Amino acid sequence: MKEIVEFEYYYGNEAEQYSFFRIPKSLFTNQYFNSMSVEAKVLYGILLDRMSLSLKNKWLDEANKVYIIYTIEEIMEVLNWGRNKSVKIMKEIEEIGLLEKKRQGLGKPNLLYVKNFIYTGNNKPTEVLKVNLQKFKNQTSRSFNNKSQEVLKEDSNNTNINNTDISNTDFNNTTSIAFLKDEEENLDRTILEEAKLKEKIKNNISYEIFEESRIEDKKQVDVIINVLVRALNNSKSFHIGGQKIDHKKLKEKILNLNYKHIDYVLTYLKENAPKDIRNINAYLLTLLCNADENIKNMEIIKGSNNNNKKYDYSRDEDIWQEFLNTK
């Protein structure tokens, strides 16, 4: 039998020295924040925690807005990040509209205004937030230039930010705050697992390239990522090319995808996809799972100056549709 360690009691004010950072649930459940990295969400929670200190110190500007001072060096120390990553994640929070900087000059640290993550529709968004809100709207409304791009849209998250339970994200009057309520642990675990899968896939496919130099493809890539995460969360076996494949093999295929595979799929959809796709999710998943083999075949065929013979992905659509409908 495992020996039980006898831990010490808390005495007096000792209990207060162990505080917890709380991350708003909305950052994981609201589709607007889907593109926000887990690191950025964690740092935002830490910045919110610093707000309580600013309130106690009455750090308010002339417009009665609360500001904080949190340097890059502090972020590096707390999160054990390098300078480049710390700057990058801060910039990500700023670009999505949740942070505003005010330079003081003369070697003084910037004033940081941590923005409210609840968007009611009555707010007056900054230009950065307007851009990101438009990105959010476009995720479910913008079409591709051709038929295959138009049907590629997927409403994978029906979260309405106006229905957010604000009581779950109340950080006032305490710095010792839980990540989520106990009764929401299962949902929390699912959300976190999906977030981790998204981050894993983004890292594998060099997602930053689409953020920085291929902005026009970023929406399509976001849809691809959502489809892949959905497939990973389904444990059933299925068929590709008439052959049965189990979930373990599917996971291996998906997690081995990289930038060249995504680039191949995007190019194929724009140039070669048929107009009569019945189920874009089924078509897309089959195309992705066969991407590596098709790329190799294309290289061989090009080397021999032959025409590329296209794979008939439509035969897999019914199987994929049944697979996805069981989710």
# chains A, B, ... in the order shown; residues from 1 in each chain; ligands from 1
>>> select_by_dssp(residues="range 183-301 of chain A", states="helix (DSSP H, G or I)", output="ChimeraX atom specification")
/A:183-204,207-212,215-232,247-255,259-271,280-289,291-301
>>> atom_distance(atom1="CA of Leu111 in chain A", atom2="CA of Gln31 in chain A")
28.8 Å
>>> closest_residue(among="A:Gly45, A:Glu62, A:Met90, A:Val227", to="Ile280 in chain A", atoms="only C-alpha atoms")
A:Val227
>>> residues_around(residues="range 114-118 of chain A", least_positions_apart="2", cutoff="8 Å", atoms="only C-alpha atoms", output="list in words")
Ser26, Leu27, Leu47, Leu48, Met51, Tyr67, Ile68, Gly97, Leu98, Leu99, Glu100, Leu112, Thr120, Ile161 and Asn162 of chain A
>>> write_last_selection(atoms="N, CA and C atoms", output="short mmCIF file (atom, residue, chain, number, x, y, z; two decimals), in the first residue's frame")
data_model
loop_
_atom_site.label_atom_id
_atom_site.label_comp_id
_atom_site.auth_asym_id
_atom_site.auth_seq_id
_atom_site.Cartn_x
_atom_site.Cartn_y
_atom_site.Cartn_z
N SER A 26 -14.67 32.10 -21.51
CA SER A 26 -15.04 32.62 -22.82
C SER A 26 -13.90 32.54 -23.83
N LEU A 27 -12.66 32.60 -23.35
CA LEU A 27 -11.53 32.52 -24.26
C LEU A 27 -11.43 31.15 -24.93
N LEU A 47 -2.44 38.77 -16.64
CA LEU A 47 -2.62 40.22 -16.70
C LEU A 47 -3.88 40.64 -15.96
N LEU A 48 -4.93 39.83 -16.06
CA LEU A 48 -6.16 40.12 -15.30
C LEU A 48 -5.89 40.08 -13.81
N MET A 51 -4.53 43.15 -12.45
CA MET A 51 -5.52 44.23 -12.36
C MET A 51 -5.94 44.47 -10.92
N TYR A 67 -5.10 50.77 -15.37
CA TYR A 67 -3.96 50.30 -16.14
C TYR A 67 -3.03 49.50 -15.24
N ILE A 68 -2.18 48.71 -15.85
CA ILE A 68 -1.20 47.93 -15.10
C ILE A 68 0.19 48.18 -15.67
N GLY A 97 -7.19 42.37 -29.68
CA GLY A 97 -8.01 43.43 -29.11
C GLY A 97 -8.15 43.44 -27.62
N LEU A 98 -7.42 42.58 -26.91
CA LEU A 98 -7.57 42.46 -25.46
C LEU A 98 -6.52 43.24 -24.67
N LEU A 99 -5.67 43.96 -25.36
CA LEU A 99 -4.62 44.71 -24.67
C LEU A 99 -4.28 45.95 -25.47
N GLU A 100 -4.06 47.04 -24.74
CA GLU A 100 -3.66 48.30 -25.36
C GLU A 100 -2.47 48.87 -24.61
N LEU A 112 -0.17 49.40 -19.51
CA LEU A 112 -0.96 48.39 -20.20
C LEU A 112 -2.42 48.48 -19.77
N THR A 120 -20.34 43.02 -25.91
CA THR A 120 -21.80 43.02 -25.85
C THR A 120 -22.45 43.50 -27.12
N ILE A 161 -21.33 34.68 -27.49
CA ILE A 161 -20.64 35.36 -26.39
C ILE A 161 -21.61 36.07 -25.47
N ASN A 162 -22.81 36.45 -25.98
CA ASN A 162 -23.78 37.11 -25.12
C ASN A 162 -24.35 36.19 -24.06
#
>>> closest_residue(among="A:Leu60, A:Ile23, A:Ile209, A:Ala231", to="Leu197 in chain A", atoms="only C-alpha atoms")
A:Ala231
>>> atom_distance(atom1="CA of Ile93 in chain A", atom2="CA of Gly107 in chain A")
23.0 Å
>>> decode(residues="range 81-102 of chain A", atoms="N, CA and C atoms", output="CSV table (one decimal), in the first residue's frame")
chain,number,residue,atom,x,y,z
A,81,TRP,N,9.8,32.1,-20.2
A,81,TRP,CA,9.9,32.3,-21.6
A,81,TRP,C,11.1,33.1,-22.0
A,82,GLY,N,11.5,33.0,-23.2
A,82,GLY,CA,12.6,33.9,-23.7
A,82,GLY,C,12.0,35.2,-24.1
A,83,ARG,N,12.8,36.2,-24.4
A,83,ARG,CA,12.3,37.5,-24.7
A,83,ARG,C,11.5,37.5,-26.0
A,84,ASN,N,11.9,36.9,-27.0
A,84,ASN,CA,11.2,36.9,-28.3
A,84,ASN,C,9.8,36.3,-28.1
A,85,LYS,N,9.7,35.2,-27.4
A,85,LYS,CA,8.4,34.6,-27.2
A,85,LYS,C,7.5,35.5,-26.4
A,86,SER,N,8.0,36.1,-25.4
A,86,SER,CA,7.3,37.0,-24.5
A,86,SER,C,6.7,38.2,-25.3
A,87,VAL,N,7.6,38.8,-26.1
A,87,VAL,CA,7.1,39.9,-27.0
A,87,VAL,C,6.1,39.4,-28.0
A,88,LYS,N,6.3,38.2,-28.6
A,88,LYS,CA,5.3,37.7,-29.5
A,88,LYS,C,3.9,37.5,-28.9
A,89,ILE,N,3.9,36.9,-27.7
A,89,ILE,CA,2.6,36.6,-27.1
A,89,ILE,C,1.9,37.8,-26.7
A,90,MET,N,2.6,38.8,-26.2
A,90,MET,CA,2.0,40.1,-25.8
A,90,MET,C,1.4,40.7,-27.1
A,91,LYS,N,2.1,40.7,-28.2
A,91,LYS,CA,1.7,41.2,-29.4
A,91,LYS,C,0.4,40.5,-29.9
A,92,GLU,N,0.3,39.2,-29.7
A,92,GLU,CA,-0.9,38.5,-30.1
A,92,GLU,C,-2.1,38.9,-29.3
A,93,ILE,N,-1.9,39.1,-28.0
A,93,ILE,CA,-3.0,39.6,-27.1
A,93,ILE,C,-3.5,41.0,-27.6
A,94,GLU,N,-2.5,41.8,-28.0
A,94,GLU,CA,-2.8,43.2,-28.4
A,94,GLU,C,-3.5,43.1,-29.7
A,95,GLU,N,-3.1,42.3,-30.7
A,95,GLU,CA,-3.7,42.2,-32.0
A,95,GLU,C,-5.1,41.7,-32.0
A,96,ILE,N,-5.4,40.8,-31.0
A,96,ILE,CA,-6.8,40.3,-30.9
A,96,ILE,C,-7.7,41.3,-30.3
A,97,GLY,N,-7.2,42.4,-29.7
A,97,GLY,CA,-8.0,43.4,-29.1
A,97,GLY,C,-8.2,43.4,-27.6
A,98,LEU,N,-7.4,42.6,-26.9
A,98,LEU,CA,-7.6,42.5,-25.5
A,98,LEU,C,-6.5,43.2,-24.7
A,99,LEU,N,-5.7,44.0,-25.4
A,99,LEU,CA,-4.6,44.7,-24.7
A,99,LEU,C,-4.3,46.0,-25.5
A,100,GLU,N,-4.1,47.0,-24.7
A,100,GLU,CA,-3.7,48.3,-25.4
A,100,GLU,C,-2.5,48.9,-24.6
A,101,LYS,N,-1.5,49.3,-25.4
A,101,LYS,CA,-0.2,49.8,-24.7
A,101,LYS,C,-0.2,51.4,-24.9
A,102,LYS,N,0.3,52.0,-23.8
A,102,LYS,CA,0.6,53.4,-23.9
A,102,LYS,C,2.0,53.7,-23.5
